[in-house]
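Colleague: structure10.csv (CSV, N, CA and C atoms) pasted underneath:
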```csv
chain,number,residue,atom,x,y,z
A,1,MET,N,0.8,-1.2,0.0
A,1,MET,CA,0.0,0.0,0.0
A,1,MET,C,0.9,1.3,0.0
A,2,SER,N,2.0,1.2,0.7
A,2,SER,CA,2.8,2.4,0.8
A,2,SER,C,3.5,2.7,-0.6
A,3,GLU,N,3.8,1.6,-1.3
A,3,GLU,CA,4.4,1.8,-2.6
A,3,GLU,C,3.4,2.5,-3.6
A,4,HIS,N,2.2,2.1,-3.6
A,4,HIS,CA,1.2,2.7,-4.4
A,4,HIS,C,1.0,4.2,-4.0
A,5,THR,N,1.0,4.5,-2.7
A,5,THR,CA,0.8,5.8,-2.3
A,5,THR,C,2.0,6.7,-2.7
A,6,SER,N,3.2,6.2,-2.6
A,6,SER,CA,4.3,7.0,-2.9
A,6,SER,C,4.4,7.2,-4.4
A,7,GLN,N,4.0,6.2,-5.2
A,7,GLN,CA,3.9,6.4,-6.7
A,7,GLN,C,2.9,7.4,-7.1
A,8,THR,N,1.8,7.4,-6.4
A,8,THR,CA,0.7,8.3,-6.7
A,8,THR,C,1.1,9.8,-6.3
A,9,ALA,N,1.8,9.8,-5.2
A,9,ALA,CA,2.2,11.2,-4.7
A,9,ALA,C,3.2,11.8,-5.6
A,10,ASN,N,4.1,11.0,-6.2
A,10,ASN,CA,5.1,11.7,-7.1
A,10,ASN,C,4.8,11.5,-8.6
A,11,HIS,N,3.5,11.2,-8.9
A,11,HIS,CA,3.0,11.1,-10.2
A,11,HIS,C,3.8,10.1,-11.1
A,12,GLY,N,3.8,8.8,-10.7
A,12,GLY,CA,4.3,7.8,-11.5
A,12,GLY,C,5.8,7.7,-11.5
A,13,GLY,N,6.5,8.1,-10.5
A,13,GLY,CA,7.9,7.9,-10.4
A,13,GLY,C,8.7,9.2,-10.7
A,14,HIS,N,8.1,10.2,-11.2
A,14,HIS,CA,8.8,11.4,-11.5
A,14,HIS,C,9.0,12.2,-10.3
A,15,GLU,N,10.2,12.6,-10.0
A,15,GLU,CA,10.5,13.4,-8.8
A,15,GLU,C,10.4,14.8,-9.1
A,16,HIS,N,9.8,15.6,-8.2
A,16,HIS,CA,9.6,17.0,-8.3
A,16,HIS,C,10.6,17.7,-7.4
A,17,HIS,N,11.3,18.6,-7.9
A,17,HIS,CA,12.3,19.4,-7.1
A,17,HIS,C,11.6,20.5,-6.3
A,18,VAL,N,11.9,20.5,-5.0
A,18,VAL,CA,11.3,21.6,-4.2
A,18,VAL,C,12.5,22.6,-3.9
A,19,THR,N,12.3,23.8,-4.4
A,19,THR,CA,13.3,24.8,-4.2
A,19,THR,C,13.0,25.6,-2.9
A,20,PRO,N,14.1,25.7,-2.1
A,20,PRO,CA,13.9,26.4,-0.8
A,20,PRO,C,13.5,27.9,-1.1
A,21,PRO,N,12.7,28.5,-0.2
A,21,PRO,CA,12.3,29.9,-0.4
A,21,PRO,C,13.5,30.9,-0.4
A,22,ILE,N,14.6,30.5,0.3
A,22,ILE,CA,15.8,31.4,0.3
A,22,ILE,C,16.4,31.6,-1.1
A,23,VAL,N,16.2,30.6,-1.9
A,23,VAL,CA,16.7,30.7,-3.3
A,23,VAL,C,15.9,31.8,-4.1
A,24,TYR,N,14.6,31.7,-3.9
A,24,TYR,CA,13.7,32.7,-4.5
A,24,TYR,C,14.0,34.1,-4.0
A,25,VAL,N,14.3,34.2,-2.7
A,25,VAL,CA,14.6,35.6,-2.2
A,25,VAL,C,16.0,36.0,-2.7
A,26,ALA,N,16.9,35.1,-2.8
A,26,ALA,CA,18.2,35.5,-3.4
A,26,ALA,C,18.1,35.9,-4.8
A,27,ILE,N,17.3,35.2,-5.6
A,27,ILE,CA,17.2,35.6,-7.0
A,27,ILE,C,16.4,36.9,-7.1
A,28,PHE,N,15.4,37.1,-6.3
A,28,PHE,CA,14.7,38.4,-6.3
A,28,PHE,C,15.6,39.6,-6.0
A,29,ILE,N,16.5,39.4,-5.0
A,29,ILE,CA,17.4,40.5,-4.6
A,29,ILE,C,18.4,40.7,-5.8
A,30,THR,N,18.9,39.6,-6.4
A,30,THR,CA,19.8,39.7,-7.5
A,30,THR,C,19.1,40.5,-8.7
A,31,LEU,N,17.8,40.2,-8.9
A,31,LEU,CA,17.1,40.9,-10.0
A,31,LEU,C,17.0,42.4,-9.6
A,32,LEU,N,16.8,42.7,-8.4
A,32,LEU,CA,16.7,44.1,-8.0
A,32,LEU,C,18.1,44.8,-8.2
A,33,VAL,N,19.1,44.1,-7.8
A,33,VAL,CA,20.5,44.7,-8.0
A,33,VAL,C,20.7,44.9,-9.5
A,34,PHE,N,20.4,44.0,-10.4
A,34,PHE,CA,20.6,44.1,-11.8
A,34,PHE,C,19.7,45.2,-12.4
A,35,THR,N,18.5,45.4,-11.8
A,35,THR,CA,17.7,46.5,-12.2
A,35,THR,C,18.3,47.9,-11.9
A,36,ALA,N,18.9,48.0,-10.6
A,36,ALA,CA,19.6,49.2,-10.2
A,36,ALA,C,20.8,49.4,-11.1
A,37,LEU,N,21.5,48.3,-11.5
A,37,LEU,CA,22.6,48.4,-12.4
A,37,LEU,C,22.2,48.9,-13.7
A,38,THR,N,21.1,48.5,-14.2
A,38,THR,CA,20.6,49.0,-15.5
A,38,THR,C,20.3,50.5,-15.5
A,39,VAL,N,19.7,50.9,-14.4
A,39,VAL,CA,19.4,52.3,-14.2
A,39,VAL,C,20.7,53.1,-14.1
A,40,GLY,N,21.6,52.6,-13.3
A,40,GLY,CA,22.9,53.3,-13.2
A,40,GLY,C,23.7,53.4,-14.5
A,41,ALA,N,23.6,52.3,-15.3
A,41,ALA,CA,24.3,52.3,-16.6
A,41,ALA,C,23.7,53.2,-17.6
A,42,SER,N,22.4,53.5,-17.4
A,42,SER,CA,21.8,54.5,-18.3
A,42,SER,C,22.3,55.9,-18.1
A,43,TYR,N,22.8,56.2,-17.0
A,43,TYR,CA,23.3,57.5,-16.7
A,43,TYR,C,24.8,57.7,-17.1
A,44,VAL,N,25.5,56.6,-17.4
A,44,VAL,CA,26.9,56.6,-17.8
A,44,VAL,C,27.0,56.7,-19.3
A,45,GLU,N,27.7,57.6,-19.8
A,45,GLU,CA,27.9,57.7,-21.3
A,45,GLU,C,28.9,56.8,-21.8
A,46,MET,N,28.5,55.7,-22.5
A,46,MET,CA,29.4,54.7,-23.1
A,46,MET,C,29.3,54.7,-24.6
A,47,GLY,N,28.7,55.7,-25.2
A,47,GLY,CA,28.6,55.7,-26.6
A,47,GLY,C,27.8,54.6,-27.2
A,48,VAL,N,28.3,53.9,-28.2
A,48,VAL,CA,27.5,52.8,-28.8
A,48,VAL,C,27.4,51.6,-27.9
A,49,TRP,N,28.1,51.6,-26.7
A,49,TRP,CA,28.0,50.4,-25.8
A,49,TRP,C,26.8,50.5,-24.9
A,50,ASN,N,26.1,51.6,-24.8
A,50,ASN,CA,25.0,51.7,-23.9
A,50,ASN,C,23.9,50.6,-24.2
A,51,PRO,N,23.5,50.5,-25.4
A,51,PRO,CA,22.5,49.4,-25.6
A,51,PRO,C,23.0,48.0,-25.4
A,52,VAL,N,24.3,47.8,-25.7
A,52,VAL,CA,24.9,46.5,-25.5
A,52,VAL,C,24.9,46.1,-24.1
A,53,VAL,N,25.3,47.1,-23.2
A,53,VAL,CA,25.3,46.8,-21.8
A,53,VAL,C,23.9,46.6,-21.3
A,54,ALA,N,22.9,47.4,-21.7
A,54,ALA,CA,21.6,47.2,-21.3
A,54,ALA,C,21.0,45.9,-21.7
A,55,ILE,N,21.3,45.4,-22.9
A,55,ILE,CA,20.8,44.1,-23.4
A,55,ILE,C,21.5,43.0,-22.6
A,56,ALA,N,22.7,43.1,-22.4
A,56,ALA,CA,23.5,42.1,-21.6
A,56,ALA,C,22.9,41.9,-20.2
A,57,ILE,N,22.6,43.0,-19.6
A,57,ILE,CA,22.0,42.9,-18.2
A,57,ILE,C,20.6,42.3,-18.3
A,58,GLY,N,19.9,42.7,-19.4
A,58,GLY,CA,18.5,42.1,-19.6
A,58,GLY,C,18.6,40.6,-19.8
A,59,VAL,N,19.6,40.2,-20.6
A,59,VAL,CA,19.7,38.8,-20.8
A,59,VAL,C,20.0,38.0,-19.6
A,60,VAL,N,20.8,38.5,-18.7
A,60,VAL,CA,21.1,37.9,-17.5
A,60,VAL,C,19.9,37.8,-16.6
A,61,LYS,N,19.1,38.9,-16.5
A,61,LYS,CA,17.9,38.9,-15.7
A,61,LYS,C,16.9,37.9,-16.3
A,62,ALA,N,16.7,37.9,-17.6
A,62,ALA,CA,15.8,36.9,-18.2
A,62,ALA,C,16.2,35.5,-18.0
A,63,THR,N,17.5,35.2,-18.0
A,63,THR,CA,18.0,33.9,-17.8
A,63,THR,C,17.7,33.4,-16.4
A,64,LEU,N,17.9,34.3,-15.4
A,64,LEU,CA,17.5,34.0,-14.0
A,64,LEU,C,16.0,33.7,-13.8
A,65,VAL,N,15.2,34.5,-14.5
A,65,VAL,CA,13.8,34.3,-14.4
A,65,VAL,C,13.4,33.0,-15.0
A,66,VAL,N,13.9,32.7,-16.2
A,66,VAL,CA,13.5,31.4,-16.8
A,66,VAL,C,14.0,30.2,-16.0
A,67,LEU,N,15.2,30.3,-15.6
A,67,LEU,CA,15.8,29.1,-14.9
A,67,LEU,C,15.1,28.9,-13.5
A,68,PHE,N,14.9,29.9,-12.7
A,68,PHE,CA,14.4,29.7,-11.4
A,68,PHE,C,12.9,29.9,-11.2
A,69,PHE,N,12.4,31.0,-11.6
A,69,PHE,CA,11.0,31.3,-11.4
A,69,PHE,C,10.1,30.4,-12.3
A,70,MET,N,10.6,30.1,-13.5
A,70,MET,CA,9.8,29.3,-14.4
A,70,MET,C,10.2,27.8,-14.2
A,71,GLY,N,11.2,27.5,-13.4
A,71,GLY,CA,11.5,26.1,-13.1
A,71,GLY,C,12.2,25.3,-14.1
A,72,VAL,N,12.8,26.0,-15.1
A,72,VAL,CA,13.5,25.2,-16.2
A,72,VAL,C,14.7,24.6,-15.7
A,73,LYS,N,15.4,25.1,-14.7
A,73,LYS,CA,16.6,24.5,-14.2
A,73,LYS,C,16.4,23.1,-13.7
A,74,TYR,N,15.3,22.8,-13.1
A,74,TYR,CA,15.0,21.5,-12.6
A,74,TYR,C,14.0,20.7,-13.4
A,75,SER,N,13.8,21.1,-14.7
A,75,SER,CA,12.9,20.4,-15.6
A,75,SER,C,13.5,19.3,-16.3
A,76,THR,N,12.7,18.7,-17.1
A,76,THR,CA,13.2,17.6,-17.9
A,76,THR,C,14.0,18.1,-19.1
A,77,LYS,N,14.7,17.2,-19.7
A,77,LYS,CA,15.6,17.6,-20.9
A,77,LYS,C,14.7,18.0,-22.0
A,78,LEU,N,13.5,17.5,-22.2
A,78,LEU,CA,12.6,17.9,-23.2
A,78,LEU,C,12.2,19.4,-23.0
A,79,THR,N,11.9,19.8,-21.8
A,79,THR,CA,11.6,21.2,-21.5
A,79,THR,C,12.8,22.1,-21.8
A,80,LYS,N,14.0,21.7,-21.5
A,80,LYS,CA,15.2,22.5,-21.7
A,80,LYS,C,15.4,22.6,-23.2
A,81,LEU,N,15.2,21.5,-24.0
A,81,LEU,CA,15.3,21.5,-25.4
A,81,LEU,C,14.3,22.5,-26.0
A,82,THR,N,13.1,22.5,-25.5
A,82,THR,CA,12.0,23.4,-26.0
A,82,THR,C,12.4,24.8,-25.8
A,83,VAL,N,12.9,25.1,-24.6
A,83,VAL,CA,13.3,26.5,-24.3
A,83,VAL,C,14.5,26.9,-25.2
A,84,GLY,N,15.4,26.0,-25.4
A,84,GLY,CA,16.6,26.3,-26.2
A,84,GLY,C,16.2,26.5,-27.7
A,85,ALA,N,15.2,25.7,-28.2
A,85,ALA,CA,14.7,25.9,-29.5
A,85,ALA,C,14.1,27.2,-29.7
A,86,GLY,N,13.3,27.7,-28.7
A,86,GLY,CA,12.7,29.0,-28.7
A,86,GLY,C,13.7,30.1,-28.8
A,87,VAL,N,14.7,30.0,-27.9
A,87,VAL,CA,15.8,31.0,-27.9
A,87,VAL,C,16.5,31.0,-29.3
A,88,PHE,N,16.8,29.9,-29.8
A,88,PHE,CA,17.5,29.8,-31.1
A,88,PHE,C,16.6,30.4,-32.2
A,89,MET,N,15.3,30.1,-32.2
A,89,MET,CA,14.5,30.7,-33.2
A,89,MET,C,14.4,32.2,-33.0
A,90,PHE,N,14.4,32.7,-31.8
A,90,PHE,CA,14.4,34.2,-31.6
A,90,PHE,C,15.6,34.8,-32.1
A,91,ILE,N,16.8,34.2,-31.9
A,91,ILE,CA,18.0,34.7,-32.4
A,91,ILE,C,18.0,34.7,-34.0
A,92,VAL,N,17.5,33.7,-34.6
A,92,VAL,CA,17.4,33.6,-36.0
A,92,VAL,C,16.6,34.7,-36.6
A,93,LEU,N,15.4,34.9,-36.0
A,93,LEU,CA,14.5,36.0,-36.4
A,93,LEU,C,15.1,37.4,-36.3
A,94,ILE,N,15.7,37.6,-35.1
A,94,ILE,CA,16.4,38.9,-34.9
A,94,ILE,C,17.5,39.1,-35.9
A,95,SER,N,18.3,38.1,-36.1
A,95,SER,CA,19.4,38.2,-37.1
A,95,SER,C,18.9,38.5,-38.5
A,96,MET,N,17.8,37.9,-38.9
A,96,MET,CA,17.3,38.2,-40.2
A,96,MET,C,16.7,39.6,-40.3
A,97,THR,N,16.1,40.0,-39.2
A,97,THR,CA,15.6,41.4,-39.2
A,97,THR,C,16.7,42.4,-39.3
A,98,LEU,N,17.8,42.2,-38.5
A,98,LEU,CA,18.9,43.1,-38.5
A,98,LEU,C,19.7,43.1,-39.8
A,99,ALA,N,19.7,41.9,-40.4
A,99,ALA,CA,20.4,41.8,-41.7
A,99,ALA,C,19.6,42.6,-42.8
A,100,ASP,N,18.3,42.5,-42.7
A,100,ASP,CA,17.5,43.3,-43.7
A,100,ASP,C,17.7,44.8,-43.4
A,101,TYR,N,17.7,45.2,-42.1
A,101,TYR,CA,17.8,46.6,-41.7
A,101,TYR,C,19.1,47.2,-42.2
A,102,ILE,N,20.2,46.4,-41.9
A,102,ILE,CA,21.6,46.9,-42.3
A,102,ILE,C,21.7,47.0,-43.8
A,103,SER,N,21.2,46.0,-44.5
A,103,SER,CA,21.4,46.0,-46.0
A,103,SER,C,20.5,47.0,-46.7
A,104,ARG,N,19.6,47.7,-46.1
A,104,ARG,CA,18.8,48.6,-46.8
A,104,ARG,C,19.6,49.8,-47.4
A,105,ALA,N,20.6,50.2,-46.7
A,105,ALA,CA,21.5,51.3,-47.1
A,105,ALA,C,22.3,51.0,-48.3
A,106,TRP,N,22.5,49.7,-48.6
A,106,TRP,CA,23.3,49.3,-49.7
A,106,TRP,C,22.6,49.6,-51.1
A,107,GLY,N,21.3,49.6,-51.1
A,107,GLY,CA,20.6,49.9,-52.4
A,107,GLY,C,20.6,51.3,-52.8
A,108,ARG,N,21.0,52.2,-51.8
A,108,ARG,CA,21.0,53.6,-52.1
A,108,ARG,C,22.3,54.1,-52.8
A,109,TRP,N,23.3,53.2,-52.9
A,109,TRP,CA,24.6,53.7,-53.4
A,109,TRP,C,24.6,53.5,-54.9
```
Before anything else, please render the file you have as structure tokens.

Modeller:
Amino acid sequence: MSEHTSQTANHGGHEHHVTPPIVYVAIFITLLVFTALTVGASYVEMGVWNPVVAIAIGVVKATLVVLFFMGVKYSTKLTKLTVGAGVFMFIVLISMTLADYISRAWGRW
């Protein structure tokens, strides 16, 4: 009877990871620090590097949210593959858009 109960409790043998609340608090504080860093970086004149720094900080923050708050870090390989495929497709679409935008000036010459 206990075997059936334990299998029912963990849904057919799949283990669920329980993240301690301190991890969520630490990630939240890290996100607040990176938000303050983004605001601080906006006041520093870095020329063409301003958007690069802002996007880099945003990518780090998005990665933390996806890994911990969305639970991808402790998910199955299929979930990680799906997230990776989405990120790859996003990069392909952005690259195609930027390639079109950059090449528009070539037709004017």

Colleague: Could you jot down the atom C of A:Pro20 to atom N of A:Phe34 separation for me, Å, one decimal place?

Modeller: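 A separation of 19.8 Å between them.
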
Colleague: Rank nothing, just name the residue among A:Thr30, A:Ser103, A:Ser75, A:Ser42 nearest to A:His17, using only C-alpha atoms.

Modeller: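 Answer, going by the shortest atom-to-atom distance: A:Ser75.
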
Colleague: Quick one: distance from atom CA of A:Val66 to atom CA of A:Val83 in Å, one decimal?

Modeller: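 Rounded to one decimal, the two atoms are 9.0 Å apart.
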
Colleague: Which distance in Å separates atom CA of A:Glu15 and atom C of A:Ala62, to one decimal?

Modeller: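 About the pair atom CA of A:Glu15 and atom C of A:Ala62: they are 24.6 Å apart.
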
Colleague: Hey, which of A:Thr35, A:Thr19, A:Ser95, A:Asn50 ends up closest to A:Met70? Count only C-alpha atoms.

Modeller: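 Going through A:Thr35, A:Thr19, A:Ser95, A:Asn50 one by one, the smallest distance to A:Met70 is for A:Thr19.
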
Colleague: Pick from A:Thr38, A:Thr82, A:Thr76, A:Thr97: nearest to A:Ala54, with all atoms listed in the file counted?

Modeller: A:Thr38
